[in-house]
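Raw contents of model.pdb, PDB, C-alpha atoms:
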```
ATOM      1  CA  MET A 135       0.000   0.000   0.000
ATOM      2  CA  MET A 136       1.240   3.452  -0.903
ATOM      3  CA  LYS A 137       0.144   6.820   0.319
ATOM      4  CA  GLY A 138       0.192   9.789  -1.999
ATOM      5  CA  MET A 139      -0.120  13.456  -1.188
ATOM      6  CA  VAL A 140      -1.150  15.816  -3.961
ATOM      7  CA  THR A 141      -0.599  19.518  -3.311
ATOM      8  CA  VAL A 142      -2.580  21.794  -5.621
ATOM      9  CA  MET A 143      -1.831  25.522  -5.882
ATOM     10  CA  LEU A 144      -3.153  28.271  -8.119
ATOM     11  CA  LYS A 145      -0.612  29.180 -10.808
ATOM     12  CA  GLN A 146       1.554  32.179  -9.975
ATOM     13  CA  ASP A 147      -0.117  34.387 -12.588
ATOM     14  CA  VAL A 148      -3.636  33.632 -11.328
ATOM     15  CA  LEU A 149      -4.932  36.185  -8.830
ATOM     16  CA  ASP A 150      -5.575  34.452  -5.484
ATOM     17  CA  VAL A 151      -8.234  36.600  -3.822
ATOM     18  CA  GLN A 152      -8.548  34.238  -0.846
ATOM     19  CA  GLY A 153      -4.793  34.446  -0.253
ATOM     20  CA  GLN A 154      -4.972  38.229  -0.370
ATOM     21  CA  ALA A 155      -7.829  38.313   2.154
ATOM     22  CA  ILE A 156      -5.924  35.999   4.536
ATOM     23  CA  GLN A 157      -2.779  38.100   4.191
ATOM     24  CA  HIS A 158      -4.808  41.183   5.050
ATOM     25  CA  SER A 159      -6.193  39.434   8.103
ATOM     26  CA  LEU A 160      -2.704  38.319   9.206
ATOM     27  CA  HIS A 161      -1.508  41.938   8.935
ATOM     28  CA  ALA A 162      -4.482  43.053  11.020
ATOM     29  CA  LEU A 163      -3.328  40.609  13.719
ATOM     30  CA  GLY A 164       0.120  42.193  13.709
ATOM     31  CA  PHE A 165       1.902  39.679  11.462
ATOM     32  CA  GLU A 166       3.208  42.429   9.198
ATOM     33  CA  GLN A 167       5.985  40.119   7.948
ATOM     34  CA  ALA A 168       3.515  37.808   6.133
ATOM     35  CA  GLN A 169       3.851  38.274   2.351
ATOM     36  CA  LYS A 170       2.561  36.539  -0.782
ATOM     37  CA  VAL A 171       0.022  34.378   1.081
ATOM     38  CA  ARG A 172      -1.530  31.815  -1.255
ATOM     39  CA  ILE A 173      -4.234  29.216  -0.576
ATOM     40  CA  GLY A 174      -4.027  25.714  -2.015
ATOM     41  CA  LYS A 175      -5.280  22.277  -1.128
ATOM     42  CA  SER A 176      -3.837  18.902  -0.167
ATOM     43  CA  ILE A 177      -5.407  15.641  -1.280
ATOM     44  CA  GLU A 178      -4.368  12.401   0.432
ATOM     45  CA  VAL A 179      -4.829   9.157  -1.513
ATOM     46  CA  GLU A 180      -4.034   5.575  -0.476
ATOM     47  CA  LEU A 181      -3.541   3.229  -3.393
ATOM     48  CA  GLU A 182      -2.377  -0.265  -4.306
ATOM     49  CA  ALA A 183       0.916  -0.086  -6.174
ATOM     50  CA  SER A 184       4.030  -2.266  -6.089
ATOM     51  CA  THR A 185       6.536   0.571  -6.465
ATOM     52  CA  PRO A 186       6.545   4.286  -5.642
ATOM     53  CA  GLU A 187       7.061   4.969  -9.365
ATOM     54  CA  GLU A 188       3.879   3.084 -10.230
ATOM     55  CA  ALA A 189       1.959   4.996  -7.540
ATOM     56  CA  GLN A 190       3.398   8.241  -8.864
ATOM     57  CA  ALA A 191       2.211   7.405 -12.397
ATOM     58  CA  GLN A 192      -1.293   6.531 -11.178
ATOM     59  CA  LEU A 193      -1.539   9.754  -9.180
ATOM     60  CA  LYS A 194      -0.347  11.788 -12.148
ATOM     61  CA  ALA A 195      -3.187  10.321 -14.246
ATOM     62  CA  MET A 196      -5.686  11.181 -11.469
ATOM     63  CA  CYS A 197      -4.397  14.762 -11.373
ATOM     64  CA  GLU A 198      -4.719  15.144 -15.125
ATOM     65  CA  LYS A 199      -8.219  13.649 -15.272
ATOM     66  CA  LEU A 200      -9.850  15.212 -12.218
ATOM     67  CA  LEU A 201      -7.824  16.518  -9.305
ATOM     68  CA  VAL A 202      -6.214  19.495 -11.063
ATOM     69  CA  ASN A 203      -7.517  22.062 -13.570
ATOM     70  CA  ASP A 204      -4.438  22.932 -15.593
ATOM     71  CA  VAL A 205      -5.980  26.206 -16.804
ATOM     72  CA  ILE A 206      -5.391  27.700 -13.338
ATOM     73  CA  GLU A 207      -3.584  25.172 -11.144
ATOM     74  CA  ASP A 208      -0.174  23.531 -10.681
ATOM     75  CA  TYR A 209       0.489  20.507  -8.494
ATOM     76  CA  THR A 210       3.225  18.510  -6.796
ATOM     77  CA  LEU A 211       3.171  14.840  -5.785
ATOM     78  CA  GLN A 212       4.723  12.986  -2.881
ATOM     79  CA  VAL A 213       4.539   9.220  -2.430
ATOM     80  CA  GLN A 214       5.499   7.089   0.564
ATOM     81  CA  GLU A 215       4.876   3.535   1.846
ATOM     82  CA  ALA A 216       1.633   3.564   3.827
TER
ATOM     83  CA  MET B 273     -49.171  22.457 -35.546
ATOM     84  CA  ALA B 274     -45.457  23.266 -35.543
ATOM     85  CA  ARG B 275     -43.164  20.401 -34.609
ATOM     86  CA  THR B 276     -41.821  20.285 -31.070
ATOM     87  CA  ILE B 277     -38.180  20.404 -30.045
ATOM     88  CA  ARG B 278     -37.084  17.750 -27.544
ATOM     89  CA  CYS B 279     -34.877  19.381 -24.978
ATOM     90  CA  ALA B 280     -33.092  17.886 -21.996
ATOM     91  CA  VAL B 281     -32.745  19.703 -18.679
ATOM     92  CA  LEU B 282     -29.869  17.984 -16.872
ATOM     93  CA  VAL B 283     -30.252  17.413 -13.128
ATOM     94  CA  PHE B 284     -27.287  16.793 -10.816
ATOM     95  CA  PRO B 285     -27.381  16.308  -7.051
ATOM     96  CA  GLY B 286     -27.302  19.948  -5.919
ATOM     97  CA  SER B 287     -28.822  21.526  -9.038
ATOM     98  CA  ASN B 288     -31.312  24.188  -7.951
ATOM     99  CA  CYS B 289     -32.245  26.086 -11.124
ATOM    100  CA  ASP B 290     -33.482  23.014 -12.995
ATOM    101  CA  SER B 291     -37.186  23.742 -12.405
ATOM    102  CA  ASP B 292     -36.781  27.395 -13.432
ATOM    103  CA  LEU B 293     -35.005  26.356 -16.611
ATOM    104  CA  PHE B 294     -37.658  23.725 -17.366
ATOM    105  CA  LYS B 295     -40.384  26.365 -16.947
ATOM    106  CA  ALA B 296     -38.512  28.875 -19.116
ATOM    107  CA  ALA B 297     -38.401  26.304 -21.933
ATOM    108  CA  ALA B 298     -42.001  25.202 -21.312
ATOM    109  CA  ALA B 299     -43.123  28.825 -21.778
ATOM    110  CA  PHE B 300     -42.713  28.130 -25.510
ATOM    111  CA  PRO B 301     -45.150  25.663 -27.078
ATOM    112  CA  GLU B 302     -42.377  24.551 -29.451
ATOM    113  CA  PHE B 303     -40.146  23.232 -26.643
ATOM    114  CA  ALA B 304     -40.807  19.841 -25.036
ATOM    115  CA  PRO B 305     -38.480  19.808 -22.008
ATOM    116  CA  GLU B 306     -37.635  16.655 -20.050
ATOM    117  CA  PHE B 307     -35.588  16.309 -16.858
ATOM    118  CA  VAL B 308     -32.567  14.029 -17.357
ATOM    119  CA  TRP B 309     -30.772  12.623 -14.274
ATOM    120  CA  HIS B 310     -26.961  12.766 -14.081
ATOM    121  CA  THR B 311     -26.542   8.977 -14.266
ATOM    122  CA  THR B 312     -28.131   8.786 -17.749
ATOM    123  CA  ASP B 313     -25.544   7.769 -20.327
ATOM    124  CA  SER B 314     -27.191   8.872 -23.569
ATOM    125  CA  LEU B 315     -28.643  12.154 -24.828
ATOM    126  CA  ASP B 316     -29.343  10.826 -28.312
ATOM    127  CA  GLY B 317     -32.557  12.246 -29.763
ATOM    128  CA  PHE B 318     -32.385  15.598 -27.961
ATOM    129  CA  GLU B 319     -31.958  18.741 -30.074
ATOM    130  CA  LEU B 320     -31.165  21.042 -27.170
ATOM    131  CA  VAL B 321     -29.483  20.394 -23.822
ATOM    132  CA  LEU B 322     -29.914  22.840 -20.935
ATOM    133  CA  VAL B 323     -27.418  22.669 -18.057
ATOM    134  CA  PRO B 324     -28.840  24.419 -14.982
ATOM    135  CA  GLY B 325     -27.350  26.421 -12.169
ATOM    136  CA  GLY B 326     -26.918  25.280  -8.600
ATOM    137  CA  PHE B 327     -24.151  23.631  -6.612
ATOM    138  CA  SER B 328     -23.682  20.284  -8.347
ATOM    139  CA  TYR B 329     -22.076  17.707  -6.028
ATOM    140  CA  GLY B 330     -21.719  20.451  -3.426
ATOM    141  CA  ASP B 331     -19.141  22.154  -5.674
ATOM    142  CA  TYR B 332     -16.591  19.786  -4.079
ATOM    143  CA  LEU B 333     -12.977  19.962  -5.353
ATOM    144  CA  ARG B 334     -13.728  22.800  -7.841
ATOM    145  CA  VAL B 335     -17.047  24.253  -9.046
ATOM    146  CA  GLY B 336     -18.487  21.948 -11.701
ATOM    147  CA  ALA B 337     -15.530  19.544 -11.552
ATOM    148  CA  VAL B 338     -17.331  16.425 -10.351
ATOM    149  CA  ALA B 339     -20.426  16.997 -12.501
ATOM    150  CA  ALA B 340     -18.164  17.377 -15.543
ATOM    151  CA  ARG B 341     -17.027  13.735 -15.078
ATOM    152  CA  SER B 342     -20.546  12.277 -14.679
ATOM    153  CA  PRO B 343     -22.091   9.850 -17.220
ATOM    154  CA  VAL B 344     -24.561  12.419 -18.571
ATOM    155  CA  VAL B 345     -21.746  14.879 -19.301
ATOM    156  CA  ARG B 346     -19.836  12.221 -21.237
ATOM    157  CA  ALA B 347     -23.026  11.834 -23.289
ATOM    158  CA  LEU B 348     -23.184  15.629 -23.560
ATOM    159  CA  GLN B 349     -19.638  15.776 -24.955
ATOM    160  CA  LYS B 350     -20.695  13.321 -27.651
ATOM    161  CA  VAL B 351     -23.841  15.181 -28.776
ATOM    162  CA  ALA B 352     -22.124  18.588 -28.528
ATOM    163  CA  ALA B 353     -19.469  17.331 -30.951
ATOM    164  CA  GLU B 354     -22.313  16.354 -33.299
ATOM    165  CA  GLY B 355     -23.602  19.943 -33.235
ATOM    166  CA  VAL B 356     -26.480  19.712 -30.742
ATOM    167  CA  ARG B 357     -27.168  23.096 -29.104
ATOM    168  CA  VAL B 358     -26.076  23.294 -25.465
ATOM    169  CA  LEU B 359     -26.838  26.126 -23.016
ATOM    170  CA  GLY B 360     -25.125  26.162 -19.613
ATOM    171  CA  ILE B 361     -26.168  28.760 -17.049
ATOM    172  CA  CYS B 362     -24.192  29.662 -13.914
ATOM    173  CA  ASN B 363     -23.081  26.297 -12.456
ATOM    174  CA  GLY B 364     -23.963  24.940 -15.912
ATOM    175  CA  PHE B 365     -21.346  27.283 -17.418
ATOM    176  CA  GLN B 366     -18.810  26.124 -14.817
ATOM    177  CA  ILE B 367     -19.576  22.492 -15.712
ATOM    178  CA  LEU B 368     -19.111  23.179 -19.456
ATOM    179  CA  THR B 369     -15.644  24.704 -18.865
ATOM    180  CA  GLU B 370     -14.612  21.805 -16.597
ATOM    181  CA  ALA B 371     -15.850  19.363 -19.269
ATOM    182  CA  GLY B 372     -13.659  21.048 -21.891
ATOM    183  CA  LEU B 373     -16.676  22.141 -23.970
ATOM    184  CA  LEU B 374     -15.784  25.811 -23.436
ATOM    185  CA  PRO B 375     -12.322  27.332 -22.855
ATOM    186  CA  GLY B 376     -11.141  28.941 -19.603
ATOM    187  CA  THR B 377     -12.618  28.635 -16.136
ATOM    188  CA  LEU B 378     -14.499  30.575 -13.440
ATOM    189  CA  LEU B 379     -12.597  31.838 -10.382
ATOM    190  CA  HIS B 380     -13.826  33.303  -7.086
ATOM    191  CA  ASN B 381     -15.335  36.764  -7.512
ATOM    192  CA  THR B 382     -12.590  39.310  -6.847
ATOM    193  CA  SER B 383     -14.770  40.813  -4.074
ATOM    194  CA  LEU B 384     -14.959  37.343  -2.420
ATOM    195  CA  LYS B 385     -18.680  38.108  -2.063
ATOM    196  CA  PHE B 386     -21.606  36.125  -3.414
ATOM    197  CA  VAL B 387     -23.287  38.577  -5.822
ATOM    198  CA  CYS B 388     -27.046  38.411  -6.321
ATOM    199  CA  GLU B 389     -28.499  41.297  -8.313
ATOM    200  CA  THR B 390     -29.968  42.270 -11.661
ATOM    201  CA  THR B 391     -27.074  43.267 -13.909
ATOM    202  CA  PRO B 392     -27.024  45.123 -17.235
ATOM    203  CA  LEU B 393     -25.476  43.024 -20.013
ATOM    204  CA  GLU B 394     -24.339  44.119 -23.456
ATOM    205  CA  VAL B 395     -25.027  41.755 -26.309
ATOM    206  CA  GLY B 396     -21.580  41.229 -27.845
ATOM    207  CA  ASN B 397     -22.668  39.053 -30.763
ATOM    208  CA  ALA B 398     -26.265  38.896 -32.012
ATOM    209  CA  GLN B 399     -25.495  36.419 -34.782
ATOM    210  CA  THR B 400     -25.481  33.218 -32.740
ATOM    211  CA  ALA B 401     -28.211  30.631 -32.233
ATOM    212  CA  PHE B 402     -28.527  31.972 -28.676
ATOM    213  CA  SER B 403     -28.738  35.700 -29.394
ATOM    214  CA  SER B 404     -30.327  36.332 -32.804
ATOM    215  CA  ALA B 405     -33.457  37.874 -31.244
ATOM    216  CA  TYR B 406     -31.281  40.591 -29.662
ATOM    217  CA  THR B 407     -29.397  43.315 -31.496
ATOM    218  CA  ALA B 408     -25.625  43.793 -31.211
ATOM    219  CA  GLY B 409     -24.814  46.305 -28.492
ATOM    220  CA  GLN B 410     -28.286  46.078 -26.951
ATOM    221  CA  VAL B 411     -28.252  46.373 -23.154
ATOM    222  CA  VAL B 412     -30.472  43.862 -21.350
ATOM    223  CA  GLN B 413     -31.244  43.328 -17.657
ATOM    224  CA  VAL B 414     -30.529  39.816 -16.376
ATOM    225  CA  PRO B 415     -29.875  38.701 -12.786
ATOM    226  CA  VAL B 416     -26.641  37.126 -11.592
ATOM    227  CA  ALA B 417     -26.317  34.960  -8.474
ATOM    228  CA  HIS B 418     -22.876  33.452  -7.904
ATOM    229  CA  GLY B 419     -19.726  33.402  -5.813
ATOM    230  CA  GLU B 420     -17.458  32.066  -8.550
ATOM    231  CA  GLY B 421     -18.195  33.844 -11.806
ATOM    232  CA  ASN B 422     -14.874  35.543 -12.487
ATOM    233  CA  TYR B 423     -14.058  34.371 -16.023
ATOM    234  CA  PHE B 424     -10.379  33.582 -16.552
ATOM    235  CA  CYS B 425      -8.348  32.164 -19.445
ATOM    236  CA  ASP B 426      -4.854  32.547 -20.861
ATOM    237  CA  PRO B 427      -4.103  35.624 -23.040
ATOM    238  CA  GLN B 428      -4.056  33.672 -26.354
ATOM    239  CA  THR B 429      -7.476  32.152 -25.639
ATOM    240  CA  LEU B 430      -8.859  35.575 -24.725
ATOM    241  CA  GLU B 431      -7.553  37.004 -27.994
ATOM    242  CA  GLN B 432      -9.189  34.173 -29.961
ATOM    243  CA  LEU B 433     -12.522  34.584 -28.132
ATOM    244  CA  GLU B 434     -12.574  38.271 -29.035
ATOM    245  CA  ALA B 435     -11.362  37.793 -32.616
ATOM    246  CA  ASN B 436     -13.957  35.078 -33.324
ATOM    247  CA  GLY B 437     -16.903  36.954 -31.793
ATOM    248  CA  GLN B 438     -17.288  34.272 -29.116
ATOM    249  CA  VAL B 439     -18.023  36.807 -26.363
ATOM    250  CA  VAL B 440     -21.816  36.724 -26.701
ATOM    251  CA  PHE B 441     -22.619  38.624 -23.482
ATOM    252  CA  ARG B 442     -20.542  41.177 -21.576
ATOM    253  CA  TYR B 443     -21.280  43.020 -18.324
ATOM    254  CA  ALA B 444     -21.975  46.689 -19.079
ATOM    255  CA  ALA B 445     -19.013  49.045 -18.540
ATOM    256  CA  GLY B 446     -18.536  49.810 -14.856
ATOM    257  CA  ARG B 447     -20.891  46.964 -13.862
ATOM    258  CA  ASN B 448     -18.544  43.963 -13.772
ATOM    259  CA  PRO B 449     -19.804  42.083 -10.682
ATOM    260  CA  ASN B 450     -16.997  39.550 -10.358
ATOM    261  CA  GLY B 451     -13.745  40.715 -11.992
ATOM    262  CA  SER B 452     -14.135  38.703 -15.230
ATOM    263  CA  LEU B 453     -11.524  39.329 -17.928
ATOM    264  CA  ASN B 454     -12.867  41.776 -20.550
ATOM    265  CA  ARG B 455     -16.163  41.899 -18.550
ATOM    266  CA  ILE B 456     -17.077  38.489 -20.014
ATOM    267  CA  ALA B 457     -20.508  37.248 -18.914
ATOM    268  CA  GLY B 458     -21.076  34.538 -21.532
ATOM    269  CA  ILE B 459     -19.114  32.832 -24.307
ATOM    270  CA  CYS B 460     -19.785  30.307 -27.023
ATOM    271  CA  ASN B 461     -17.478  27.706 -28.510
ATOM    272  CA  GLU B 462     -15.859  28.231 -31.902
ATOM    273  CA  ALA B 463     -18.514  26.125 -33.675
ATOM    274  CA  GLY B 464     -21.226  28.278 -32.080
ATOM    275  CA  ASN B 465     -23.411  25.441 -30.747
ATOM    276  CA  VAL B 466     -22.362  25.616 -27.063
ATOM    277  CA  LEU B 467     -22.963  28.697 -24.908
ATOM    278  CA  GLY B 468     -22.123  29.222 -21.235
ATOM    279  CA  MET B 469     -23.120  32.281 -19.220
ATOM    280  CA  MET B 470     -23.129  33.275 -15.555
ATOM    281  CA  PRO B 471     -26.317  35.458 -15.632
ATOM    282  CA  HIS B 472     -29.695  33.715 -15.410
ATOM    283  CA  PRO B 473     -31.972  34.379 -18.427
ATOM    284  CA  GLU B 474     -34.444  31.819 -17.012
ATOM    285  CA  ARG B 475     -35.014  34.242 -14.099
ATOM    286  CA  ALA B 476     -35.904  37.086 -16.487
ATOM    287  CA  MET B 477     -38.806  35.667 -18.462
ATOM    288  CA  ALA B 478     -41.676  38.038 -17.609
ATOM    289  CA  PRO B 479     -42.178  41.567 -16.270
ATOM    290  CA  TRP B 480     -43.366  40.247 -12.876
ATOM    291  CA  MET B 481     -39.900  38.673 -12.417
ATOM    292  CA  GLY B 482     -38.325  42.128 -12.684
ATOM    293  CA  SER B 483     -37.215  41.689 -16.290
ATOM    294  CA  ALA B 484     -38.369  39.830 -19.382
ATOM    295  CA  ASP B 485     -35.054  40.277 -21.187
ATOM    296  CA  GLY B 486     -34.097  36.588 -20.934
ATOM    297  CA  HIS B 487     -37.070  35.584 -23.068
ATOM    298  CA  ALA B 488     -35.279  36.547 -26.307
ATOM    299  CA  LEU B 489     -32.491  34.056 -25.629
ATOM    300  CA  PHE B 490     -34.910  31.127 -25.628
ATOM    301  CA  ALA B 491     -36.762  32.652 -28.606
ATOM    302  CA  SER B 492     -33.414  32.770 -30.473
ATOM    303  CA  LEU B 493     -32.875  29.071 -29.758
ATOM    304  CA  ARG B 494     -36.382  28.190 -30.881
ATOM    305  CA  ASP B 495     -35.885  30.103 -34.144
ATOM    306  CA  ALA B 496     -32.483  28.492 -34.769
ATOM    307  CA  LEU B 497     -33.821  24.991 -34.128
ATOM    308  CA  LEU B 498     -36.925  25.442 -36.277
ATOM    309  CA  ALA B 499     -35.075  27.123 -39.150
ATOM    310  CA  PRO B 500     -34.897  24.936 -42.233
ATOM    311  CA  ALA B 501     -31.501  23.202 -42.386
TER
END
```

As a first step, turn the structure in this file into structure tokens.
Amino acid sequence: MMKGMVTVMLKQDVLDVQGQAIQHSLHALGFEQAQKVRIGKSIEVELEASTPEEAQAQLKAMCEKLLVNDVIEDYTLQVQEA
Amino acid sequence: MARTIRCAVLVFPGSNCDSDLFKAAAAFPEFAPEFVWHTTDSLDGFELVLVPGGFSYGDYLRVGAVAARSPVVRALQKVAAEGVRVLGICNGFQILTEAGLLPGTLLHNTSLKFVCETTPLEVGNAQTAFSSAYTAGQVVQVPVAHGEGNYFCDPQTLEQLEANGQVVFRYAAGRNPNGSLNRIAGICNEAGNVLGMMPHPERAMAPWMGSADGHALFASLRDALLAPA
């Protein structure tokens, strides 16, 4: 059993209005040092695969078909033994 | 008696404008609307497919993303490629972009607020099957109701949309409710048989609703579908 973690972020050139609102809120709390706040999401998936490479390939297909919209989002993958 | 046009109104778990859209179509004696559940795997025989607003599948993952992978949308991709007319409104527009039937996507409104108000729209192209009963440049009043209606695409796509006259509806200058690129409210595909829009013409069908300006959109579709081939 393998465990994959997909991290999805808006592309750098896509305006992240949620990130901006959170940054504003952090500043209001006194965290003036917080810059370039961006909101993304993490998706955890357990899957049957004999090697990490195989799991990686399966996850990549899932990202391309559903988990990620490549018009606006980029993603990274991490795989480990579950 | 004139022949009737079979039209499908798709229904997903979480659709909430399906009845309004059904009634908008049923206001015309030429349209014979039928509700079609999301698990249906064929839309053969329909001449028009209406994709309603709402919050399909709770808008989980991304708006429209899960609905866009449902059996009925696979069937929709097939009939759309054959030239069947498809109208997606609000969440329906979001589903059509996620399904790859229209370019770009819809982001959170720049205000981060859910906007719900009647909005003036300019008709950008009155030569489509969805807009022939309007005149180019006409300003019409149609309500919007969405949190994620901010149209976004890459610069090349935007250039193509403008060059090909695919921007069918635009928010009037100074009245962009969501931050959409080029004030885009509704676009069609290059072939002209698929239209997606955030405003709700089905909520502007009669003066008692506040506006009857949506009526002409359905009249345009009726005329296009009844025109001799």

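What separates CA of Val338 in chain B from CA of Ser403 in chain B is a distance of 29.4 Å.
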
### Query
Quick one: which residues from chain A are at most 10 Å off chain B, using only C-alpha atoms, as JSON, numbers by chain?
{"A": [147, 148, 149, 150, 151, 152, 155, 175, 177, 199, 200, 201, 202, 203, 204, 205, 206]}

#### Entry: Output check: residues returned by the PyMOL selection byres ((chain A and resi 212) around 9), as a list in words
Lys137, Gly138, Met139, Val140, Thr141, Gln190, Thr210, Leu211, Val213 and Gln214 of chain A

Output C-alpha atoms for every residue in the selection just made, as a PDB file, in the frame of the given file.
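The new file again_33.pdb reads:
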```pdb
ATOM      1  CA  LYS A 137       0.144   6.820   0.319  1.00  0.00           C
ATOM      2  CA  GLY A 138       0.192   9.789  -1.999  1.00  0.00           C
ATOM      3  CA  MET A 139      -0.120  13.456  -1.188  1.00  0.00           C
ATOM      4  CA  VAL A 140      -1.150  15.816  -3.961  1.00  0.00           C
ATOM      5  CA  THR A 141      -0.599  19.518  -3.311  1.00  0.00           C
ATOM      6  CA  GLN A 190       3.398   8.241  -8.864  1.00  0.00           C
ATOM      7  CA  THR A 210       3.225  18.510  -6.796  1.00  0.00           C
ATOM      8  CA  LEU A 211       3.171  14.840  -5.785  1.00  0.00           C
ATOM      9  CA  VAL A 213       4.539   9.220  -2.430  1.00  0.00           C
ATOM     10  CA  GLN A 214       5.499   7.089   0.564  1.00  0.00           C
TER      11      GLN A 214
END
```

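From CA of Leu433 in chain B back to CA of Asn461 in chain B, the distance works out to 8.5 Å.
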
### Query
Which residues match the PyMOL selection byres ((chain A and resi 215) around 10) in the file above, as a ChimeraX atom specification?
/A:135-138,180-181,183-186,189,213-214,216

### Message
Give me, as a ChimeraX atom specification, all polymer residues having an atom no more than 8 Å from Phe318 in chain B, counting all atoms listed in the file and skipping those fewer than 3 positions away in the same chain.
### Response
/B:277-280,315,321,356

For the residues in that selection, give me C-alpha atoms as a compact mmCIF listing (two decimals), keeping the file's coordinate frame.
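Writing done, so here's again16.txt:
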```txt
# COMPACT_ATOMS: atom_id res chain seq x y z
CA ILE B 277 -38.18 20.40 -30.04
CA ARG B 278 -37.08 17.75 -27.54
CA CYS B 279 -34.88 19.38 -24.98
CA ALA B 280 -33.09 17.89 -22.00
CA LEU B 315 -28.64 12.15 -24.83
CA VAL B 321 -29.48 20.39 -23.82
CA VAL B 356 -26.48 19.71 -30.74
```

### Task
Go ahead and find all residues with at least one atom no further than 8 Å from (-30.6, 33.7, -20.9) in the file's coordinates, using all atoms listed in the file; report them as a PyMOL selection string.
chain B and resi 361+414+469+471-474+476+485-490

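Near Leu348 in chain B, within 10 Å and counting all atoms listed in the file, sit Leu282, Asp313, Ser314, Leu315, Asp316, Val321, Val323, Ala340, Ser342, Pro343, Ala353, Glu354, Val356, Val358, Leu368, Ala371 and Leu373 of chain B; same-chain residues fewer than 5 positions away were not included.
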
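Our summary of the geometry notes that CA of Pro305 in chain B is positioned 9.0 Å from CA of Leu320 in chain B.
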
Could range 406-417 of chain B be completed with N, CA and C atoms and written as a PDB file, in the frame of the given file, please?
```pdb
ATOM      1  N   TYR B 406     -31.789  39.323 -30.202  1.00  0.00           N
ATOM      2  CA  TYR B 406     -31.281  40.591 -29.662  1.00  0.00           C
ATOM      3  C   TYR B 406     -30.621  41.354 -30.812  1.00  0.00           C
ATOM      4  N   THR B 407     -30.208  42.602 -30.525  1.00  0.00           N
ATOM      5  CA  THR B 407     -29.397  43.315 -31.496  1.00  0.00           C
ATOM      6  C   THR B 407     -28.022  43.562 -30.881  1.00  0.00           C
ATOM      7  N   ALA B 408     -26.987  43.596 -31.714  1.00  0.00           N
ATOM      8  CA  ALA B 408     -25.625  43.793 -31.211  1.00  0.00           C
ATOM      9  C   ALA B 408     -25.560  45.117 -30.460  1.00  0.00           C
ATOM     10  N   GLY B 409     -24.961  45.092 -29.285  1.00  0.00           N
ATOM     11  CA  GLY B 409     -24.814  46.305 -28.492  1.00  0.00           C
ATOM     12  C   GLY B 409     -26.001  46.616 -27.601  1.00  0.00           C
ATOM     13  N   GLN B 410     -27.100  45.877 -27.802  1.00  0.00           N
ATOM     14  CA  GLN B 410     -28.286  46.078 -26.951  1.00  0.00           C
ATOM     15  C   GLN B 410     -27.922  45.809 -25.486  1.00  0.00           C
ATOM     16  N   VAL B 411     -28.480  46.609 -24.584  1.00  0.00           N
ATOM     17  CA  VAL B 411     -28.252  46.373 -23.154  1.00  0.00           C
ATOM     18  C   VAL B 411     -29.508  45.737 -22.563  1.00  0.00           C
ATOM     19  N   VAL B 412     -29.336  44.588 -21.921  1.00  0.00           N
ATOM     20  CA  VAL B 412     -30.472  43.862 -21.350  1.00  0.00           C
ATOM     21  C   VAL B 412     -30.235  43.651 -19.850  1.00  0.00           C
ATOM     22  N   GLN B 413     -31.328  43.486 -19.115  1.00  0.00           N
ATOM     23  CA  GLN B 413     -31.244  43.328 -17.657  1.00  0.00           C
ATOM     24  C   GLN B 413     -31.464  41.860 -17.295  1.00  0.00           C
ATOM     25  N   VAL B 414     -30.437  41.235 -16.731  1.00  0.00           N
ATOM     26  CA  VAL B 414     -30.529  39.816 -16.376  1.00  0.00           C
ATOM     27  C   VAL B 414     -29.870  39.622 -15.001  1.00  0.00           C
ATOM     28  N   PRO B 415     -30.489  38.860 -14.111  1.00  0.00           N
ATOM     29  CA  PRO B 415     -29.875  38.701 -12.786  1.00  0.00           C
ATOM     30  C   PRO B 415     -28.670  37.756 -12.767  1.00  0.00           C
ATOM     31  N   VAL B 416     -27.732  38.060 -11.893  1.00  0.00           N
ATOM     32  CA  VAL B 416     -26.641  37.126 -11.592  1.00  0.00           C
ATOM     33  C   VAL B 416     -26.820  36.661 -10.147  1.00  0.00           C
ATOM     34  N   ALA B 417     -26.275  35.490  -9.842  1.00  0.00           N
ATOM     35  CA  ALA B 417     -26.317  34.960  -8.474  1.00  0.00           C
ATOM     36  C   ALA B 417     -25.204  33.929  -8.350  1.00  0.00           C
TER      37      ALA B 417
END
```
